[in-house]
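Asker: Dumping the structure here so I can ask a few things about it.
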Amino acid sequence: MSNLMNNNIVHIFFEAAQKYPNTLAIVHKGQTISYDELAKRVKQVIAYLDTKGVKAGDKVLIFIPMSIELYAYVLALFAKGAIAVFVDEWASVKRLKQCCERVAIDAFIAPTWIRRLSYFIKPLRKIKIRISPAKKYTTEAKVSSTSLDQSALITFTTGSTGIPKAADRTHGFLLEQYTILEKKLALKNGNACMVTLPIVLLCNLGLGATSVIASFNGRKPHKMDSALILQEMKQHTVGTVVCSPFFIVELSKQKQAKEVGLVKIITGGAPVFPEQASQILAGFSGTKLDIVYGSTEAEPISSIDGNELLLQADALMDVGLPVGKVHPKTALRIIGITNDHIALEDNQTIQDLCVNEGDLGEIIVAGDHVLKRYFNSPLAFKENKIIEGDTVWHRTGDSGRLVNDLLYLNGRCKQLFSLENKHYSPFILEYLLQRIPGIAMGTFIKKQAEVIAVVELNEGVKEIPKEVLEIIPNTRLKQLKKIPRDPRHNSKIDYAALNQFW
C-alpha cells in the first residue's frame, strides 16, 4: 500500500464524490448537501484556511457542532495535512484548559459568540489564528499529500481517572478503522444512515451513503425529542442507525418506532444489558441489533447480536456480560489485574502475563485499529500501553474473561472489590439493581470496610426497595436524586463524579 494521500480517508471521500455526485451526502435539520457540493465546499474551505495561514501539521481546535459545516472543515483540515482537535461539547472551562495544556493549539474554528468569549479564557486568548465557520469562500484549492503515520485527529478521553488523555489518531489509523466499519455498516450508495457518533459519519462519506444527523443535543440528552427523531428517520427512509445505547433505548419506547422500518441498529459506547436489548428489539421489531464493545483507543474490540445476548443472559451472573466474539483484526489477551505500570523484561512475552482461560483479568488488545500513541502524554502511554517487540498492546482498564472464544465483560478493574473473602463486580451488581422494580440506576461502592448501595429511584417511587439488601446484606443505603452519568453517552455511571458525594 502506498503511504501517500491517495490512500487516506479524504481520497476515499473524493472518489465517492466522483462516483455519486448527485447523491445526498449529509442531511441535517432540513439542510442537505450532495457529494459533489460537499467536495466543492471542502476545496473552498482549504483555500480559506490557506488565507488564514493554517499549515500542514498545525493543530486546529474545532468548536462546530455535528453538522454539514463540521465535516467540510474536518475533511479540509485532513486534506491540508493539519490536525483536527476536538474537545467534547459538554466540556467545562477547567477541562478545556486541561486539554489545551496537553495540546498546544495553533488555531481555532468557532462561531462569533465563542470567539468573543475566548478573550476571557486564557488558553484560547493567546491563539492568534481565529476562523469563522460561517465564512464563504469561492476559490477552490488543491488537496495536499499526507503520510499514513501523520497525525490527523486528536480527541480526548473522558478523563474519569484524572487529566484527560489526548488520543492521537493518524491517517493510517483512520483508514484501518474505515475498512473495518465499512464491512460492519454494509451500506451502499443511496442508503440512509442516521448517526450520533461523529467518527462513523466520516466512514459513511466514503461509501456513497446518505448520513442523517439526528436532531439531538448531546449536552442535553434529557431534552431529547424522540418523536421528532423518529419522524426524521421515516422522512429520509433511514435503514441503519449508529448511536449510543441511551439514544436507541429512548427511541424504542415510542409507539411510532415500529413504523420506521429500520433494518439495522449498531450501538456502542456503553454496556447493553439483556433488558435494554429486549426493549430495543421489542420497540423496533424485525430489526437486527448489533452491540459493539470498544473504547476511544480501540473500536471495535468485539460485538454481539442482540438476540444472542438474550440467549446468553443467564451467563451474566457467573461469568459476566456477554459482548460476543472478538473482531478478527483484534488481538486480545486477558492478563492479571494490577494497578502498576507493566514493562516486559528481557525474554518475557505477553503470554507470561496471561491468566488461565476462563479466569478474570484485565482485557488488553492490539491491532492496526488500536491507538498506538497519545499526544504529548508519556505518562499516559506508560500507564496504558505494553510494548512487546513491534506490537503495542493497549490496556483497556476493563475486567473480563474469555470462555470458549466468547468475551465476557465485568466492568472497570478499579471498581472491583472484596468483602469477607468474596469478590464483587459492581458492574454485575448494577445489573441486579436495574432489575429491581422502582430503581432507575444504582451501584455499590466500598468505602474502607463499609459497602454503600447508591440508587436513583424512578419517578413516583418514595422508598428504596428492600430487595437491595438481598444482594449484599448489611449494606448502607444511599438515595440520590440523579446518579451522575458519563457526559459522552449518558449511559454509564460517572464514578469520579459519584465519589465526590463522599
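Labels for the C-alpha cells follow display order: chains A, B, ..., residues from 1 in each chain, ligands from 1.
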With a distance cut-off of 12 Å and only C-alpha atoms, select the neighbouring residues of stretch 174-176 of chain A, excluding the residue or stretch itself and same-chain residues fewer than 6 positions from it, and output the selection as JSON, numbers by chain.

Answerer: {"A": [1, 3, 5, 6, 7, 8, 9, 10, 11, 12, 13, 78, 147, 148, 149, 150, 151, 152, 153, 154, 168, 182, 183, 199, 200, 202, 203, 206, 297, 298, 299, 300, 329, 330, 367, 368, 369, 370, 371]}

Asker: Which residues, written as a list of chain:residue names, have at least one atom at most 7 Å from A:Lys385, with only C-alpha atoms counted and residues fewer than 3 positions away on the same chain left out?

Answerer: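 Everything that qualifies: A:Phe381, A:Lys382, A:Val392, A:Trp393, A:His394, A:Arg395.
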
Asker: For C-alpha atoms, I'd like the residues from the last selection saved as a PDB file, in the first residue's frame.

Answerer:
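Writing the result to out_12.pdb gives the following:
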ATOM      1  CA  PHE A 381       1.498   5.887  27.366  1.00  0.00           C
ATOM      2  CA  LYS A 382       3.386   4.273  30.225  1.00  0.00           C
ATOM      3  CA  VAL A 392       1.847  -2.070  21.133  1.00  0.00           C
ATOM      4  CA  TRP A 393      -0.748  -3.616  23.468  1.00  0.00           C
ATOM      5  CA  HIS A 394      -3.439  -1.331  24.881  1.00  0.00           C
ATOM      6  CA  ARG A 395      -4.664  -1.841  28.455  1.00  0.00           C
TER       7      ARG A 395
END

Asker: Extract, using only C-alpha atoms, all DNA, RNA and protein residues at most 6 Å from A:Asp494, discarding same-chain residues fewer than 5 positions from it, and format them as a ChimeraX atom specification.

Answerer: /A:484-486

Asker: Between A:Lys80, A:Pro133, A:Lys97, A:Pro123, which one has atoms that come closest to A:Ile62, using only C-alpha atoms?

Answerer: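 Result for the nearest residue to A:Ile62: A:Pro133.
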
Asker: Could you give me, as a list in words, each residue of stretch 460-500 of chain A that DSSP assigns to strand (DSSP E) when run on this structure's backbone?

Answerer: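 Of stretch 460-500 of chain A, the ones in strand (DSSP E) are Arg476, Leu477, Lys478 and Gln479 of chain A.
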
Asker: Please produce a file of those selected residues containing C-alpha atoms, as a CSV table (one decimal), in the first residue's frame.

Answerer:
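Listing of part.csv after writing:
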chain,number,residue,atom,x,y,z
A,476,ARG,CA,-25.8,1.1,53.9
A,477,LEU,CA,-28.4,2.6,51.6
A,478,LYS,CA,-28.0,6.0,49.9
A,479,GLN,CA,-30.5,7.6,47.6

Asker: How far is it from atom CA of A:Glu388 to atom CA of A:Gln348, in Å with one decimal?

Answerer: 8.7 Å

Asker: Which one is closest to A:Leu124: A:Leu469, A:Ala104, A:Val143, A:Ile436? Count only C-alpha atoms.

Answerer: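 Comparing A:Leu469, A:Ala104, A:Val143, A:Ile436 against A:Leu124, the winner is A:Ala104.
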
Asker: Calculated over only C-alpha atoms, which of the candidates A:Ala277, A:Ile428, A:Ile266, A:Ile131 has the smallest distance to A:Asp290?

Answerer: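 Smallest distance to A:Asp290 is found for A:Ile266.
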
Asker: Quick one, how far is atom CA of A:Ile464 from atom CA of A:Val451?

Answerer: 15.9 Å

Asker: From a backbone DSSP assignment, name each residue in stretch 62-158 of chain A labelled helix (DSSP H, G or I), as an mmCIF file with N, CA and C atoms, in the first residue's frame.

Answerer:
data_model
loop_
_atom_site.group_PDB
_atom_site.id
_atom_site.type_symbol
_atom_site.label_atom_id
_atom_site.label_comp_id
_atom_site.auth_asym_id
_atom_site.auth_seq_id
_atom_site.Cartn_x
_atom_site.Cartn_y
_atom_site.Cartn_z
ATOM 1 N N ILE A 68 -23.295 19.771 8.691
ATOM 2 C CA ILE A 68 -22.665 19.730 7.371
ATOM 3 C C ILE A 68 -21.340 20.492 7.399
ATOM 4 N N GLU A 69 -21.352 21.670 8.020
ATOM 5 C CA GLU A 69 -20.156 22.520 8.043
ATOM 6 C C GLU A 69 -19.012 21.856 8.796
ATOM 7 N N LEU A 70 -19.334 21.090 9.848
ATOM 8 C CA LEU A 70 -18.281 20.404 10.601
ATOM 9 C C LEU A 70 -17.468 19.499 9.678
ATOM 10 N N TYR A 71 -18.146 18.709 8.852
ATOM 11 C CA TYR A 71 -17.435 17.749 8.017
ATOM 12 C C TYR A 71 -16.710 18.417 6.855
ATOM 13 N N ALA A 72 -17.210 19.552 6.404
ATOM 14 C CA ALA A 72 -16.475 20.310 5.389
ATOM 15 C C ALA A 72 -15.128 20.761 5.956
ATOM 16 N N TYR A 73 -15.126 21.199 7.211
ATOM 17 C CA TYR A 73 -13.886 21.676 7.826
ATOM 18 C C TYR A 73 -12.963 20.527 8.216
ATOM 19 N N VAL A 74 -13.508 19.447 8.727
ATOM 20 C CA VAL A 74 -12.664 18.307 9.108
ATOM 21 C C VAL A 74 -11.958 17.733 7.888
ATOM 22 N N LEU A 75 -12.709 17.510 6.814
ATOM 23 C CA LEU A 75 -12.097 16.980 5.591
ATOM 24 C C LEU A 75 -11.073 17.957 5.013
ATOM 25 N N ALA A 76 -11.353 19.246 5.106
ATOM 26 C CA ALA A 76 -10.410 20.253 4.600
ATOM 27 C C ALA A 76 -9.104 20.238 5.400
ATOM 28 N N LEU A 77 -9.211 20.112 6.706
ATOM 29 C CA LEU A 77 -8.012 20.051 7.548
ATOM 30 C C LEU A 77 -7.208 18.799 7.233
ATOM 31 N N PHE A 78 -7.910 17.666 7.101
ATOM 32 C CA PHE A 78 -7.221 16.426 6.733
ATOM 33 C C PHE A 78 -6.501 16.595 5.394
ATOM 34 N N ALA A 79 -7.195 17.226 4.445
ATOM 35 C CA ALA A 79 -6.637 17.398 3.104
ATOM 36 C C ALA A 79 -5.407 18.299 3.101
ATOM 37 N N LYS A 80 -5.334 19.228 4.064
ATOM 38 C CA LYS A 80 -4.176 20.120 4.177
ATOM 39 C C LYS A 80 -3.032 19.477 4.942
ATOM 40 N N VAL A 93 -14.892 24.739 31.459
ATOM 41 C CA VAL A 93 -13.719 25.582 31.218
ATOM 42 C C VAL A 93 -12.472 24.913 31.785
ATOM 43 N N LYS A 94 -12.619 24.248 32.937
ATOM 44 C CA LYS A 94 -11.485 23.557 33.552
ATOM 45 C C LYS A 94 -10.963 22.465 32.629
ATOM 46 N N ARG A 95 -11.881 21.685 32.066
ATOM 47 C CA ARG A 95 -11.476 20.606 31.167
ATOM 48 C C ARG A 95 -10.844 21.182 29.896
ATOM 49 N N LEU A 96 -11.407 22.263 29.398
ATOM 50 C CA LEU A 96 -10.854 22.909 28.208
ATOM 51 C C LEU A 96 -9.415 23.336 28.455
ATOM 52 N N LYS A 97 -9.168 23.915 29.621
ATOM 53 C CA LYS A 97 -7.814 24.343 29.963
ATOM 54 C C LYS A 97 -6.868 23.147 30.029
ATOM 55 N N GLN A 98 -7.334 22.045 30.629
ATOM 56 C CA GLN A 98 -6.509 20.838 30.724
ATOM 57 C C GLN A 98 -6.136 20.318 29.338
ATOM 58 N N CYS A 99 -7.114 20.327 28.440
ATOM 59 C CA CYS A 99 -6.872 19.828 27.092
ATOM 60 C C CYS A 99 -5.900 20.713 26.326
ATOM 61 N N CYS A 100 -6.039 22.037 26.486
ATOM 62 C CA CYS A 100 -5.146 22.973 25.795
ATOM 63 C C CYS A 100 -3.730 22.921 26.363
ATOM 64 N N GLU A 101 -3.600 22.557 27.634
ATOM 65 C CA GLU A 101 -2.273 22.381 28.215
ATOM 66 C C GLU A 101 -1.603 21.134 27.645
ATOM 67 N N ARG A 102 -2.416 20.137 27.336
ATOM 68 C CA ARG A 102 -1.882 18.895 26.788
ATOM 69 C C ARG A 102 -1.473 19.067 25.327
ATOM 70 N N THR A 112 -19.090 33.219 16.111
ATOM 71 C CA THR A 112 -18.750 34.538 16.649
ATOM 72 C C THR A 112 -18.814 34.590 18.170
ATOM 73 N N TRP A 113 -19.871 34.046 18.757
ATOM 74 C CA TRP A 113 -20.045 34.181 20.217
ATOM 75 C C TRP A 113 -18.939 33.477 20.990
ATOM 76 N N ILE A 114 -18.447 32.353 20.462
ATOM 77 C CA ILE A 114 -17.353 31.656 21.145
ATOM 78 C C ILE A 114 -16.045 32.411 20.944
ATOM 79 N N ARG A 115 -15.839 32.977 19.758
ATOM 80 C CA ARG A 115 -14.615 33.752 19.524
ATOM 81 C C ARG A 115 -14.566 34.973 20.448
ATOM 82 N N ARG A 116 -15.716 35.600 20.707
ATOM 83 C CA ARG A 116 -15.755 36.726 21.649
ATOM 84 C C ARG A 116 -15.494 36.250 23.075
ATOM 85 N N LEU A 117 -16.117 35.123 23.436
ATOM 86 C CA LEU A 117 -15.953 34.575 24.781
ATOM 87 C C LEU A 117 -14.510 34.132 25.017
ATOM 88 N N SER A 118 -13.818 33.758 23.952
ATOM 89 C CA SER A 118 -12.462 33.212 24.087
ATOM 90 C C SER A 118 -11.490 34.204 24.716
ATOM 91 N N TYR A 119 -11.770 35.511 24.616
ATOM 92 C CA TYR A 119 -10.874 36.505 25.211
ATOM 93 C C TYR A 119 -10.877 36.435 26.737
ATOM 94 N N PHE A 120 -11.868 35.743 27.304
ATOM 95 C CA PHE A 120 -11.947 35.607 28.763
ATOM 96 C C PHE A 120 -11.441 34.235 29.221
ATOM 97 N N LYS A 122 -8.120 31.964 29.159
ATOM 98 C CA LYS A 122 -6.686 32.138 28.921
ATOM 99 C C LYS A 122 -6.126 31.235 27.822
ATOM 100 N N PRO A 123 -6.410 29.919 27.814
ATOM 101 C CA PRO A 123 -5.808 29.073 26.769
ATOM 102 C C PRO A 123 -6.221 29.475 25.354
ATOM 103 N N LEU A 124 -7.409 30.052 25.208
ATOM 104 C CA LEU A 124 -7.884 30.466 23.898
ATOM 105 C C LEU A 124 -7.447 31.880 23.541
ATOM 106 N N ARG A 125 -7.284 32.706 24.552
ATOM 107 C CA ARG A 125 -6.974 34.121 24.330
ATOM 108 C C ARG A 125 -5.653 34.299 23.577
#

Asker: Separation of atom CA of A:Gly324 and atom CA of A:Arg169, in Å?

Answerer: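 Value for the atom CA of A:Gly324-atom CA of A:Arg169 distance: 25.9 Å.
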
Asker: Select, from A:Ile334, A:Leu251, A:Ala209, A:Ile439, the residue with the minimum atom-to-atom distance to A:Asn189, counting only C-alpha atoms.

Answerer: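 Checking each candidate against A:Asn189, we get A:Ala209 as the closest.
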
Asker: Excluding same-chain residues fewer than 6 positions from A:Ser285, what lies within 9 Å of it counting only C-alpha atoms, as an MDAnalysis selection string?

Answerer: chainID A and resid 257:258 261:262

Asker: Store the residues picked out above in a file with C-alpha atoms, as a short mmCIF file (atom, residue, chain, number, x, y, z; two decimals), in the first residue's frame.

Answerer:
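Wrote result.cif, looks like this:
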data_model
loop_
_atom_site.label_atom_id
_atom_site.label_comp_id
_atom_site.auth_asym_id
_atom_site.auth_seq_id
_atom_site.Cartn_x
_atom_site.Cartn_y
_atom_site.Cartn_z
CA ALA A 257 -40.76 3.15 16.47
CA LYS A 258 -42.45 0.17 14.81
CA GLY A 261 -38.84 0.29 9.20
CA LEU A 262 -35.25 0.16 10.45
#

Asker: Return the single residue from A:Leu433, A:Gly294, A:Pro465, A:Arg373 that is closest to A:Gly397, with distances computed using only C-alpha atoms.

Answerer: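 So, comparing all the options, the nearest one is A:Gly294.
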
Asker: Within 10 Å of A:Tyr424, counting only C-alpha atoms, which residues show up once you throw out same-chain ones fewer than 4 positions away? Write them as a ChimeraX atom specification, please.

Answerer: /A:410,415-419,428-429,444,472
